[in-house]
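Printed here is my_file-v2.tsv (TSV, C-alpha atoms):
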```
chain	number	residue	atom	x	y	z
A	27	MET	CA	-10.15	-29.10	15.10
A	28	SER	CA	-13.72	-28.05	15.84
A	29	ARG	CA	-16.11	-27.27	12.99
A	30	LYS	CA	-16.34	-23.60	14.06
A	31	LYS	CA	-12.55	-23.21	14.13
A	32	ALA	CA	-12.26	-24.92	10.75
A	33	VAL	CA	-14.74	-22.45	9.22
A	34	VAL	CA	-12.82	-19.47	10.64
A	35	THR	CA	-9.51	-20.88	9.35
A	36	GLU	CA	-10.95	-21.45	5.89
A	37	PHE	CA	-12.38	-17.92	5.80
A	38	ALA	CA	-8.98	-16.52	6.78
A	39	ARG	CA	-7.31	-18.51	3.98
A	40	TYR	CA	-9.95	-17.20	1.57
A	41	LEU	CA	-9.23	-13.60	2.56
A	42	ARG	CA	-5.50	-14.12	1.98
A	43	THR	CA	-5.96	-14.39	-1.77
A	44	GLU	CA	-5.31	-11.18	-3.69
A	45	THR	CA	-8.42	-11.79	-5.79
A	46	VAL	CA	-10.71	-11.66	-2.77
A	47	GLY	CA	-8.81	-8.77	-1.17
A	48	GLY	CA	-9.14	-6.72	-4.34
A	49	THR	CA	-12.85	-7.61	-4.65
A	50	VAL	CA	-13.61	-6.58	-1.05
A	51	LEU	CA	-11.72	-3.32	-1.62
A	52	LEU	CA	-13.68	-2.66	-4.80
A	53	VAL	CA	-17.00	-3.31	-3.03
A	54	ALA	CA	-16.06	-0.95	-0.17
A	55	THR	CA	-15.14	1.74	-2.69
A	56	ALA	CA	-18.44	1.34	-4.52
A	57	ILE	CA	-20.39	1.55	-1.26
A	58	ALA	CA	-18.50	4.74	-0.30
A	59	LEU	CA	-19.20	6.40	-3.65
A	60	ILE	CA	-22.87	5.43	-3.68
A	61	TRP	CA	-23.40	6.40	-0.03
A	62	ALA	CA	-21.62	9.77	-0.37
A	63	ASN	CA	-23.73	10.66	-3.40
A	64	SER	CA	-27.08	9.43	-2.05
A	65	PRO	CA	-29.79	11.16	-0.02
A	66	LEU	CA	-28.09	9.56	3.02
A	67	SER	CA	-24.81	11.39	2.40
A	68	SER	CA	-25.15	13.41	5.61
A	69	ALA	CA	-25.10	10.15	7.58
A	70	TYR	CA	-21.93	9.09	5.75
A	71	PHE	CA	-20.03	12.30	6.46
A	72	GLY	CA	-21.41	12.43	10.00
A	73	LEU	CA	-20.07	8.93	10.71
A	74	ARG	CA	-16.71	9.69	9.08
A	75	ASP	CA	-16.26	12.82	11.19
A	76	LEU	CA	-17.58	11.31	14.43
A	77	HIS	CA	-14.91	11.48	17.15
A	78	LEU	CA	-14.04	8.36	19.11
A	79	GLY	CA	-11.55	9.44	21.74
A	80	PRO	CA	-8.76	11.62	20.31
A	81	LEU	CA	-9.48	10.89	16.64
A	82	SER	CA	-12.42	10.83	14.25
A	83	VAL	CA	-13.63	7.57	12.73
A	84	GLY	CA	-12.01	8.57	9.42
A	85	ASP	CA	-8.71	9.34	11.14
A	86	TRP	CA	-8.75	6.02	13.01
A	87	ALA	CA	-9.13	4.30	9.63
A	88	LYS	CA	-6.43	6.47	8.01
A	89	ASP	CA	-3.87	6.43	10.83
A	90	GLY	CA	-4.68	3.17	12.62
A	91	LEU	CA	-6.03	0.55	10.23
A	92	LEU	CA	-3.70	1.62	7.44
A	93	ALA	CA	-0.72	1.05	9.78
A	94	ILE	CA	-1.76	-2.62	9.96
A	95	PHE	CA	-1.87	-2.76	6.17
A	96	PHE	CA	1.66	-1.36	5.92
A	97	PHE	CA	2.89	-3.72	8.63
A	98	VAL	CA	1.68	-6.74	6.63
A	99	ALA	CA	3.10	-5.38	3.36
A	100	GLY	CA	6.43	-4.65	5.09
A	101	LEU	CA	6.58	-8.20	6.45
A	102	GLU	CA	6.16	-9.70	2.99
A	103	LEU	CA	8.72	-7.34	1.47
A	104	LYS	CA	11.33	-8.15	4.12
A	105	ARG	CA	10.71	-11.87	3.68
A	106	GLU	CA	11.26	-11.59	-0.08
A	107	LEU	CA	14.43	-9.53	0.44
A	108	VAL	CA	15.97	-11.87	3.01
A	109	VAL	CA	14.89	-15.38	1.99
A	110	GLY	CA	12.74	-14.96	-1.13
A	111	GLU	CA	13.09	-14.15	-4.82
A	112	LEU	CA	14.67	-10.76	-4.10
A	113	SER	CA	17.48	-12.13	-1.96
A	114	GLU	CA	19.85	-11.87	-4.94
A	115	LEU	CA	21.11	-8.32	-5.44
A	116	LYS	CA	20.34	-7.96	-9.16
A	117	ALA	CA	16.82	-9.31	-8.66
A	118	ALA	CA	16.21	-6.91	-5.78
A	119	ILE	CA	17.56	-3.86	-7.60
A	120	LEU	CA	15.03	-3.94	-10.46
A	121	PRO	CA	11.81	-3.27	-8.48
A	122	VAL	CA	13.59	-0.67	-6.34
A	123	VAL	CA	14.85	1.23	-9.41
A	124	ALA	CA	11.47	0.79	-11.11
A	125	ALA	CA	9.69	2.16	-8.03
A	126	ILE	CA	11.97	5.20	-7.90
A	127	GLY	CA	11.35	5.91	-11.58
A	128	GLY	CA	7.64	5.34	-11.00
A	129	MET	CA	7.67	7.97	-8.26
A	130	ILE	CA	9.82	10.65	-9.88
A	131	VAL	CA	8.17	10.84	-13.31
A	132	PRO	CA	4.53	11.07	-12.07
A	133	ALA	CA	5.57	13.70	-9.52
A	134	VAL	CA	7.32	15.76	-12.21
A	135	ILE	CA	4.30	15.51	-14.53
A	136	ALA	CA	1.86	16.49	-11.76
A	137	LEU	CA	4.08	19.40	-10.74
A	138	ALA	CA	4.48	20.60	-14.34
A	139	VAL	CA	0.77	20.40	-15.18
A	140	GLY	CA	-0.36	21.94	-11.89
A	141	TRP	CA	2.36	24.58	-11.65
A	142	GLY	CA	1.09	27.81	-10.15
A	143	GLN	CA	-2.07	26.29	-8.66
A	144	PRO	CA	-2.72	26.72	-4.92
A	145	GLY	CA	-1.66	23.58	-3.08
A	146	ILE	CA	0.56	22.14	-5.84
A	147	GLU	CA	3.60	22.52	-3.55
A	148	ARG	CA	2.26	19.45	-1.73
A	149	ALA	CA	-0.24	17.95	-4.18
A	150	TRP	CA	2.53	16.88	-6.58
A	151	ALA	CA	3.00	13.87	-4.30
A	152	ILE	CA	-0.51	12.47	-4.91
A	153	PRO	CA	0.36	10.26	-7.94
A	154	VAL	CA	3.61	8.77	-6.58
A	155	ALA	CA	2.11	5.66	-4.95
A	156	THR	CA	0.80	2.34	-6.28
A	157	ASP	CA	-1.97	0.60	-4.36
A	158	ILE	CA	-0.71	-2.84	-3.32
A	159	ALA	CA	-4.05	-4.53	-2.63
A	160	PHE	CA	-5.85	-3.31	-5.75
A	161	ALA	CA	-2.90	-3.91	-8.06
A	162	LEU	CA	-2.31	-7.46	-6.83
A	163	GLY	CA	-6.06	-8.12	-7.05
A	164	VAL	CA	-6.15	-7.11	-10.72
A	165	LEU	CA	-3.00	-9.15	-11.39
A	166	ALA	CA	-4.51	-12.24	-9.74
A	167	LEU	CA	-7.73	-11.89	-11.75
A	168	THR	CA	-6.12	-11.38	-15.16
A	169	ALA	CA	-2.64	-12.91	-15.19
A	170	SER	CA	-2.92	-16.54	-14.18
A	171	GLY	CA	-0.59	-17.58	-17.00
A	172	LEU	CA	2.22	-15.16	-16.17
A	173	PRO	CA	5.38	-16.10	-14.21
A	174	SER	CA	5.10	-15.80	-10.42
A	175	SER	CA	8.19	-13.57	-10.49
A	176	LEU	CA	6.00	-10.77	-11.89
A	177	ARG	CA	3.82	-10.86	-8.77
A	178	VAL	CA	6.94	-10.51	-6.60
A	179	PHE	CA	8.14	-7.67	-8.85
A	180	LEU	CA	4.81	-5.84	-8.56
A	181	LEU	CA	4.56	-6.41	-4.81
A	182	SER	CA	8.11	-5.16	-4.24
A	183	LEU	CA	7.63	-2.17	-6.53
A	184	ALA	CA	4.35	-1.22	-4.83
A	185	VAL	CA	5.76	-1.60	-1.33
A	186	VAL	CA	8.91	0.40	-2.16
A	187	ASP	CA	7.04	3.29	-3.75
A	188	ASP	CA	4.46	3.24	-0.94
A	189	LEU	CA	7.35	3.43	1.52
A	190	GLY	CA	8.70	6.31	-0.53
A	191	ALA	CA	5.28	7.95	-0.39
A	192	ILE	CA	5.16	7.48	3.37
A	193	ILE	CA	8.59	9.15	3.64
A	194	VAL	CA	7.23	12.01	1.52
A	195	ILE	CA	4.27	12.22	3.92
A	196	ALA	CA	6.68	12.36	6.87
A	197	ILE	CA	8.62	15.21	5.26
A	198	LEU	CA	5.82	17.24	3.69
A	199	PHE	CA	3.06	16.79	6.22
A	200	THR	CA	4.85	16.87	9.55
A	201	SER	CA	3.81	20.35	10.63
A	202	THR	CA	4.83	19.91	14.27
A	203	PHE	CA	7.56	17.63	15.54
A	204	ASN	CA	7.61	16.34	19.12
A	205	LEU	CA	11.20	15.33	19.90
A	206	LEU	CA	10.31	13.50	23.12
A	207	ALA	CA	7.65	11.40	21.39
A	208	ALA	CA	10.08	10.61	18.53
A	209	GLY	CA	12.70	9.58	21.10
A	210	ALA	CA	10.15	7.23	22.70
A	211	VAL	CA	9.54	5.69	19.26
A	212	VAL	CA	13.26	5.02	18.80
A	213	LEU	CA	13.52	3.39	22.22
A	214	LEU	CA	10.43	1.24	21.64
A	215	LEU	CA	11.68	0.11	18.22
A	216	ALA	CA	15.03	-0.79	19.78
A	217	LEU	CA	13.21	-2.80	22.46
A	218	TYR	CA	11.13	-4.57	19.80
A	219	TRP	CA	14.31	-5.50	17.89
A	220	PHE	CA	15.98	-6.71	21.11
A	221	LEU	CA	13.04	-8.99	21.93
A	222	GLN	CA	13.12	-10.38	18.39
A	223	HIS	CA	16.85	-10.95	18.67
A	224	LYS	CA	16.41	-12.77	21.99
A	225	ARG	CA	13.65	-14.97	20.49
A	226	ILE	CA	10.98	-13.69	22.89
A	227	THR	CA	7.54	-14.65	21.56
A	228	THR	CA	4.96	-13.66	24.20
A	229	PRO	CA	2.28	-11.26	22.91
A	230	PHE	CA	1.96	-9.80	26.42
A	231	LEU	CA	5.15	-7.85	25.69
A	232	TYR	CA	4.74	-7.21	21.98
A	233	VAL	CA	1.17	-5.89	21.94
A	234	PRO	CA	1.84	-3.03	24.42
A	235	ILE	CA	5.09	-2.16	22.61
A	236	VAL	CA	3.37	-2.08	19.20
A	237	LEU	CA	0.48	0.05	20.46
A	238	ALA	CA	2.83	2.43	22.27
A	239	THR	CA	5.04	2.72	19.16
A	240	TRP	CA	2.02	3.60	17.05
A	241	TRP	CA	0.77	6.16	19.59
A	242	PHE	CA	4.11	7.92	20.09
A	243	MET	CA	4.67	7.96	16.31
A	244	HIS	CA	1.32	9.69	15.97
A	245	GLU	CA	2.14	12.13	18.78
A	246	SER	CA	5.56	12.90	17.28
A	247	GLY	CA	3.89	14.54	14.29
A	248	ILE	CA	5.12	11.90	11.83
A	249	HIS	CA	2.36	9.97	10.09
A	250	ALA	CA	1.46	6.97	12.25
A	251	THR	CA	1.51	4.45	9.37
A	252	ILE	CA	5.31	4.64	9.41
A	253	ALA	CA	5.20	2.73	12.71
A	254	GLY	CA	3.81	-0.29	10.84
A	255	VAL	CA	6.61	-0.22	8.28
A	256	ALA	CA	9.35	0.21	10.90
A	257	LEU	CA	8.07	-2.65	13.07
A	258	ALA	CA	7.76	-4.96	10.05
A	259	LEU	CA	11.35	-4.34	8.95
A	260	LEU	CA	12.58	-5.21	12.45
A	261	THR	CA	10.67	-8.51	12.58
A	262	ARG	CA	12.71	-11.71	12.21
A	263	VAL	CA	12.11	-13.60	8.96
A	264	LYS	CA	14.51	-16.55	9.29
A	265	ARG	CA	13.14	-19.64	10.98
A	266	ASP	CA	15.12	-21.28	13.76
A	267	PRO	CA	15.44	-25.12	13.63
A	268	TYR	CA	12.92	-25.60	16.44
A	269	GLU	CA	10.31	-23.28	14.88
A	270	HIS	CA	7.53	-24.28	12.53
A	271	GLU	CA	7.39	-20.73	11.12
A	272	ALA	CA	9.48	-17.58	11.48
A	273	PRO	CA	7.79	-14.71	13.36
A	274	ALA	CA	7.31	-12.65	10.20
A	275	VAL	CA	5.57	-15.51	8.38
A	276	ARG	CA	3.39	-16.31	11.40
A	277	LEU	CA	2.35	-12.67	11.83
A	278	GLU	CA	1.70	-12.24	8.13
A	279	HIS	CA	-0.60	-15.28	8.05
A	280	ARG	CA	-2.52	-14.10	11.09
A	281	LEU	CA	-2.86	-10.42	10.17
A	282	GLN	CA	-3.23	-10.55	6.38
A	283	PRO	CA	-6.91	-11.65	6.47
A	284	PHE	CA	-7.71	-8.80	8.87
A	285	SER	CA	-5.75	-6.36	6.72
A	286	ALA	CA	-7.47	-7.49	3.50
A	287	GLY	CA	-10.92	-8.05	4.95
A	288	VAL	CA	-11.19	-5.16	7.43
A	289	ALA	CA	-8.34	-2.63	7.54
A	290	VAL	CA	-8.06	-1.66	3.86
A	291	PRO	CA	-11.81	-1.88	3.03
A	292	VAL	CA	-12.75	0.26	6.05
A	293	PHE	CA	-10.12	2.82	5.06
A	294	ALA	CA	-11.51	2.81	1.51
A	295	LEU	CA	-15.03	3.20	2.87
A	296	PHE	CA	-14.13	6.47	4.58
A	297	ALA	CA	-11.57	7.73	2.03
A	298	ALA	CA	-13.38	7.09	-1.26
A	299	GLY	CA	-16.61	8.89	-0.40
A	300	VAL	CA	-16.23	11.68	-2.93
A	301	PRO	CA	-19.28	13.69	-4.08
A	302	ILE	CA	-19.41	13.12	-7.83
A	303	GLY	CA	-21.95	15.14	-9.80
A	304	ALA	CA	-22.00	17.22	-12.96
A	305	GLU	CA	-20.24	20.05	-11.14
A	306	ALA	CA	-17.54	17.73	-9.77
A	307	PHE	CA	-16.89	16.23	-13.21
A	308	GLY	CA	-16.70	19.72	-14.67
A	309	LYS	CA	-14.03	20.63	-12.13
A	310	LEU	CA	-12.23	17.35	-12.72
A	311	PHE	CA	-11.29	18.26	-16.29
A	312	SER	CA	-10.65	21.95	-15.66
A	313	ASP	CA	-8.66	21.64	-12.43
A	314	LYS	CA	-4.97	21.51	-13.33
A	315	ILE	CA	-4.04	19.60	-10.18
A	316	ALA	CA	-6.62	16.92	-11.00
A	317	ILE	CA	-5.40	16.70	-14.61
A	318	GLY	CA	-1.82	16.41	-13.34
A	319	VAL	CA	-2.83	13.59	-10.99
A	320	ILE	CA	-4.52	11.65	-13.81
A	321	ALA	CA	-1.62	12.20	-16.21
A	322	GLY	CA	0.90	11.29	-13.52
A	323	LEU	CA	-0.79	8.00	-12.66
A	324	VAL	CA	-1.90	6.87	-16.12
A	325	VAL	CA	1.08	8.08	-18.18
A	326	GLY	CA	3.85	8.94	-15.73
A	327	LYS	CA	3.84	5.59	-13.96
A	328	VAL	CA	4.37	3.69	-17.22
A	329	ILE	CA	7.16	5.98	-18.42
A	330	GLY	CA	8.90	5.96	-15.04
A	331	ILE	CA	8.68	2.23	-14.32
A	332	VAL	CA	9.50	0.99	-17.83
A	333	GLY	CA	12.20	3.60	-18.43
A	334	ALA	CA	13.98	3.00	-15.13
A	335	SER	CA	13.73	-0.79	-15.51
A	336	ALA	CA	15.08	-0.78	-19.06
A	337	LEU	CA	17.97	1.50	-18.04
A	338	ALA	CA	18.89	-0.72	-15.07
A	339	VAL	CA	18.91	-3.85	-17.25
A	340	TRP	CA	20.78	-2.07	-20.07
A	341	ILE	CA	23.64	-1.05	-17.78
A	342	LYS	CA	23.59	-4.60	-16.33
A	343	ALA	CA	22.77	-3.41	-12.80
A	344	ALA	CA	19.63	-5.57	-12.76
A	345	VAL	CA	17.95	-8.45	-14.59
A	346	TRP	CA	14.40	-8.98	-15.80
A	347	PRO	CA	12.20	-11.11	-13.51
A	348	ALA	CA	12.63	-14.85	-14.15
A	349	GLY	CA	10.60	-15.94	-17.17
A	350	ALA	CA	9.45	-12.38	-17.94
A	351	GLY	CA	10.51	-9.70	-20.38
A	352	PRO	CA	10.01	-6.03	-21.31
A	353	ARG	CA	6.45	-6.53	-22.61
A	354	ASP	CA	5.41	-8.08	-19.31
A	355	ILE	CA	6.97	-5.16	-17.43
A	356	ILE	CA	4.99	-2.71	-19.59
A	357	ALA	CA	1.72	-4.44	-18.62
A	358	VAL	CA	2.67	-4.37	-14.93
A	359	ALA	CA	3.78	-0.74	-15.25
A	360	VAL	CA	0.30	0.22	-16.46
A	361	LEU	CA	-1.05	-1.46	-13.33
A	362	GLY	CA	1.29	0.79	-11.35
A	363	GLY	CA	-1.11	3.64	-12.14
A	364	VAL	CA	-3.61	2.27	-9.63
A	365	GLY	CA	-2.88	4.82	-6.91
A	366	PHE	CA	-5.92	4.54	-4.67
A	367	THR	CA	-5.05	3.91	-0.98
A	368	VAL	CA	-1.97	6.07	-0.39
A	369	SER	CA	-2.84	8.52	-3.16
A	370	LEU	CA	-6.20	9.18	-1.50
A	371	LEU	CA	-4.39	9.57	1.80
A	372	ILE	CA	-1.94	12.13	0.36
A	373	ALA	CA	-4.80	14.02	-1.32
A	374	GLU	CA	-6.53	14.36	2.05
A	375	LEU	CA	-3.33	15.60	3.68
A	376	ALA	CA	-2.23	17.90	0.85
A	377	LEU	CA	-5.37	19.87	0.06
A	378	ASP	CA	-7.95	21.72	2.14
A	379	GLN	CA	-10.64	20.65	-0.34
A	380	PRO	CA	-9.40	17.31	-1.69
A	381	GLU	CA	-12.62	16.08	-3.33
A	382	THR	CA	-11.62	16.89	-6.93
A	383	ALA	CA	-8.13	15.43	-6.51
A	384	LYS	CA	-9.59	12.30	-4.89
A	385	ALA	CA	-12.01	11.94	-7.79
A	386	ALA	CA	-9.01	12.22	-10.13
A	387	VAL	CA	-7.27	9.41	-8.24
A	388	LEU	CA	-10.35	7.19	-8.60
A	389	ILE	CA	-10.70	7.95	-12.34
A	390	ALA	CA	-6.99	7.36	-13.00
A	391	SER	CA	-7.02	4.12	-10.99
A	392	MET	CA	-10.02	2.86	-12.94
A	393	ILE	CA	-8.40	3.71	-16.30
A	394	SER	CA	-5.12	2.05	-15.29
A	395	SER	CA	-6.93	-1.05	-13.99
A	396	LEU	CA	-8.87	-1.55	-17.24
A	397	LEU	CA	-5.87	-0.94	-19.51
A	398	ALA	CA	-3.66	-3.21	-17.41
A	399	ALA	CA	-6.30	-5.96	-17.38
A	400	VAL	CA	-6.39	-5.99	-21.19
A	401	LEU	CA	-2.59	-6.05	-21.48
A	402	LEU	CA	-2.13	-8.68	-18.75
A	403	ILE	CA	-4.70	-11.01	-20.34
A	404	ARG	CA	-2.88	-10.70	-23.67
A	405	ARG	CA	0.50	-11.36	-22.05
A	406	SER	CA	-0.94	-14.30	-20.12
A	407	ARG	CA	-2.22	-15.83	-23.36
A	408	ALA	CA	1.14	-15.21	-25.04
A	409	HIS	CA	2.95	-17.07	-22.24
A	410	GLY	CA	0.42	-19.89	-22.51
A	411	THR	CA	1.07	-20.17	-26.24
A	412	MET	CA	4.84	-20.21	-25.70
A	413	SER	CA	4.57	-23.02	-23.15
A	414	GLU	CA	2.60	-25.29	-25.48
```
Structure translated into structure tokens:
Amino acid sequence: MSRKKAVVTEFARYLRTETVGGTVLLVATAIALIWANSPLSSAYFGLRDLHLGPLSVGDWAKDGLLAIFFFVAGLELKRELVVGELSELKAAILPVVAAIGGMIVPAVIALAVGWGQPGIERAWAIPVATDIAFALGVLALTASGLPSSLRVFLLSLAVVDDLGAIIVIAILFTSTFNLLAAGAVVLLLALYWFLQHKRITTPFLYVPIVLATWWFMHESGIHATIAGVALALLTRVKRDPYEHEAPAVRLEHRLQPFSAGVAVPVFALFAAGVPIGAEAFGKLFSDKIAIGVIAGLVVGKVIGIVGASALAVWIKAAVWPAGAGPRDIIAVAVLGGVGFTVSLLIAELALDQPETAKAAVLIASMISSLLAAVLLIRRSRAHGTMSE
């Protein structure tokens, strides 16, 4: 292996770690906030709204790059469900039930607090999602002593409720529906599955199919990120005897560095640029939708995730993650309040003037991150003491 190739490979491995992915995301968010509130703010908004072909730069980040992120997350989820720690039914049920609880309760809280406000008929969906990259980054930084099963639980929970949020986006924000384009999506997905089934591996077939699937999904009126999820769930995860890696594992290893190092940070760069001044902060704590978003993420996520998990275990439909218990789930549930990526996306789609709601998402995510970090460090130390 040449020295140049070795450096590139090492950099890719470095970007695969959740710690680095979360750090890059945090840096991109900070840059966006500083830039959008600086004397150069006009350049920021001008770049975000600049059209490249049929979409603006911000829309390419939101609809295109985020589809890659969801493709990678979907690959890891399917791998865990088929051959990983979630392949047993009772283990798989817990994060699914927890995710559903973690969607319903925040939505109900946001709807109750914001009832009667213009836009609440769609803005209630803002706090339903957990940001995968940020949440796993905080977990990696603070919970080195916790069982690995908790990471799988958090990943699965975040992916499931993000999938749920994407379904909500498809239902709430599909204003026009193009039946012909949707039919093309179905045919292309069927072709993708057929090629996977026949063990075809050439990228000369897959790349055009993937791009066409994304484009027709966008043209159908359904949010284009769903294309990434659908393609991931159709990708083969079991390795044949003659293969070194299954297609899903190979694709995940190749795309995850790009997703963590480019796709998600660039999305954050153009989504997190919220003007934050004295006036914005004044609106933040007087706007009922914003208050509902904060309450939904910080409080609702914990109630929903812990309550649903405890109920599922109590009725013996699920089991706690291996080596973990209720206190560990509480710490992870607090981390579920990090909405960020998809919550910012829904805020943009739901409201004509989303700046206050987006600021609420950022505030709630910061509060949840700090609280979760404290709890996770304490739980990590407790596990370390128990193992001595």
Counting all atoms listed in the file, what are the residues of region 296-405 of chain A within 8 Å of region 168-173 of chain A, and for each of them which pair of atoms is the nearest and at what distance in Å, to one decimal? Sort the table by chain and rising number, as CSV.
```
residue,atom,partner,partner_atom,distance
A:Ala348,CA,A:Pro173,CA,7.4
A:Gly349,CA,A:Pro173,CA,6.0
A:Ala350,CA,A:Pro173,CA,6.7
A:Ala399,CA,A:Thr168,CA,5.9
A:Leu402,CA,A:Ala169,CA,5.6
A:Ile403,CA,A:Thr168,CA,5.4
A:Arg405,CA,A:Leu172,CA,7.2
```
C-alpha atoms of the current selection, written as a JSON list (two decimals), in the frame of the given file:
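In the end it all went to out.json:
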```
[["chain", "number", "residue", "atom", "x", "y", "z"],
["A", 348, "ALA", "CA", 12.63, -14.85, -14.15],
["A", 349, "GLY", "CA", 10.60, -15.94, -17.17],
["A", 350, "ALA", "CA", 9.45, -12.38, -17.94],
["A", 399, "ALA", "CA", -6.30, -5.96, -17.38],
["A", 402, "LEU", "CA", -2.13, -8.68, -18.75],
["A", 403, "ILE", "CA", -4.70, -11.01, -20.34],
["A", 405, "ARG", "CA", 0.50, -11.36, -22.05]]
```
Inset, instruction - Using all atoms listed in the file, pick whichever of A:Phe160, A:Val131, A:Thr239, A:Val186 has the shortest atom-to-atom distance to Val53 (chain A). - result: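 The shortest atom-to-atom distance to Val53 (chain A) comes from A:Phe160.
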Legend entry - Contacts of region 207-216 of chain A within 8 Å, only C-alpha atoms, excl. fewer than 6 positions in-chain, as a list in words: Ile235, Ala238, Thr239, Phe242, Met243, Glu245, Ser246, Ala256, Leu257 and Leu260 of chain A
Considering all atoms listed in the file, tabulate each residue of region 169-227 of chain A that lies at most 10 Å from region 267-277 of chain A along with its nearest interatomic pair and the corresponding distance in Å to one decimal; arrange the rows by chain and ascending residue number and present them as CSV.
```
residue,atom,partner,partner_atom,distance
A:Gln222,CA,A:Pro273,CA,8.5
A:Arg225,CA,A:Pro273,CA,9.2
A:Thr227,CA,A:Pro273,CA,8.2
```
Keeping only C-alpha atoms, write the selected residues to a file as a CSV table (one decimal), keeping the file's coordinate frame.
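Produced file part13.csv, reproduced below:
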```
chain,number,residue,atom,x,y,z
A,222,GLN,CA,13.1,-10.4,18.4
A,225,ARG,CA,13.6,-15.0,20.5
A,227,THR,CA,7.5,-14.6,21.6
```
Find the axis-aligned box for region 353-360 of chain A, covering all its listed atoms and adding 8 Å on each side, and write its centre and edge lengths in Å to one decimal as JSON.
```
{"center_x": 3.6, "center_y": -3.9, "center_z": -18.8, "size_x": 22.7, "size_y": 24.3, "size_z": 23.7}
```
Inset, instruction - Would you work out the distance separating CA of Glu114 (chain A) from CA of Gly362 (chain A), expressed in Å to one decimal? - result: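 Calculated distance between CA of Glu114 (chain A) and CA of Gly362 (chain A) is 23.4 Å.
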Please tabulate, as JSON lines, the residues of region 182-211 of chain A that come within 12 Å of region 132-135 of chain A, each with its closest pair of atoms and the distance in Å to one decimal, counting all atoms listed in the file and ordering rows by chain, then residue number upward.
```
{"residue": "A:Asp187", "atom": "CA", "partner": "A:Pro132", "partner_atom": "CA", "distance": 11.7}
{"residue": "A:Ala191", "atom": "CA", "partner": "A:Ala133", "partner_atom": "CA", "distance": 10.8}
{"residue": "A:Val194", "atom": "CA", "partner": "A:Ala133", "partner_atom": "CA", "distance": 11.3}
```
Inset, instruction - Could you check how far CA of Ala343 (chain A) sits from CA of Glu106 (chain A), in Å to one decimal? - result: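 We find that CA of Ala343 (chain A) and CA of Glu106 (chain A) lie 19.0 Å from each other.
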Inset, instruction - May I ask which of the residues A:Gly128, A:Pro234, A:Gly299, A:Gly84 is the closest one to Ile57 (chain A), counting only C-alpha atoms? - result: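 That would be A:Gly299, the residue with the smallest distance to Ile57 (chain A).
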Legend entry - Atomic distance CA of Val288 (chain A) - CA of Ala58 (chain A), expressed in Å with one decimal: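 CA of Val288 (chain A) sits 14.5 Å away from CA of Ala58 (chain A).
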Inset, instruction - Find the residues around Gly127 (chain A) up to 6 Å (all atoms listed in the file counted), leave out those fewer than 2 positions away in its own chain, and share them as a list in words. - result: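 These residues fall inside the cut-off: Ala124, Ala125, Met129, Ile130, Gly330, Ile331 and Ala334 of chain A.
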Legend entry - Minimum-distance residue to Pro347 (chain A), chosen among A:Val98, A:Val319, A:Leu180, A:Leu205 (using all atoms listed in the file): A:Leu180
Inset, instruction - Find the spatial neighbours of Leu167 (chain A), counting all atoms listed in the file, within a cut-off of 12 Å - ignore same-chain residues fewer than 6 positions away - and output them as a VMD selection string. - result: chain A and resid 43 to 49 160 to 161 177 395 to 396 398 to 400 402 to 403 406
What would the file look like if the residues just selected were written as a PDB file, in the frame of the given file with C-alpha atoms?
```pdb
ATOM      1  CA  THR A  43      -5.960 -14.390  -1.770  1.00  0.00           C
ATOM      2  CA  GLU A  44      -5.310 -11.180  -3.690  1.00  0.00           C
ATOM      3  CA  THR A  45      -8.420 -11.790  -5.790  1.00  0.00           C
ATOM      4  CA  VAL A  46     -10.710 -11.660  -2.770  1.00  0.00           C
ATOM      5  CA  GLY A  47      -8.810  -8.770  -1.170  1.00  0.00           C
ATOM      6  CA  GLY A  48      -9.140  -6.720  -4.340  1.00  0.00           C
ATOM      7  CA  THR A  49     -12.850  -7.610  -4.650  1.00  0.00           C
ATOM      8  CA  PHE A 160      -5.850  -3.310  -5.750  1.00  0.00           C
ATOM      9  CA  ALA A 161      -2.900  -3.910  -8.060  1.00  0.00           C
ATOM     10  CA  ARG A 177       3.820 -10.860  -8.770  1.00  0.00           C
ATOM     11  CA  SER A 395      -6.930  -1.050 -13.990  1.00  0.00           C
ATOM     12  CA  LEU A 396      -8.870  -1.550 -17.240  1.00  0.00           C
ATOM     13  CA  ALA A 398      -3.660  -3.210 -17.410  1.00  0.00           C
ATOM     14  CA  ALA A 399      -6.300  -5.960 -17.380  1.00  0.00           C
ATOM     15  CA  VAL A 400      -6.390  -5.990 -21.190  1.00  0.00           C
ATOM     16  CA  LEU A 402      -2.130  -8.680 -18.750  1.00  0.00           C
ATOM     17  CA  ILE A 403      -4.700 -11.010 -20.340  1.00  0.00           C
ATOM     18  CA  SER A 406      -0.940 -14.300 -20.120  1.00  0.00           C
TER      19      SER A 406
END
```
Legend entry - Among listed residues A:Ile329, A:Ala294, A:Asp313, A:Ala357, nearest Lys88 (chain A) (using only C-alpha atoms):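 Answer, going by the shortest atom-to-atom distance: A:Ala294.
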Legend entry - Spatial neighbours of Lys116 (chain A), max dist 10 Å, all atoms listed in the file, sep filter under 2 positions, as JSON, numbers by chain: {"A": [112, 113, 114, 118, 119, 120, 121, 338, 339, 342, 343, 344, 345, 346, 347]}
Legend entry - Counting all atoms listed in the file, the option among A:Val368, A:Val360, A:Ala166, A:Ala390 closest to Ile152 (chain A):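 Answer, going by the shortest atom-to-atom distance: A:Val368.
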Inset, instruction - Could you give me, as a ChimeraX atom specification, the residues within 8 Å of Ala258 (chain A), counting all atoms listed in the file and dropping anything in the same chain fewer than 4 positions from it? - result: /A:97-98,100-101,104,254,274
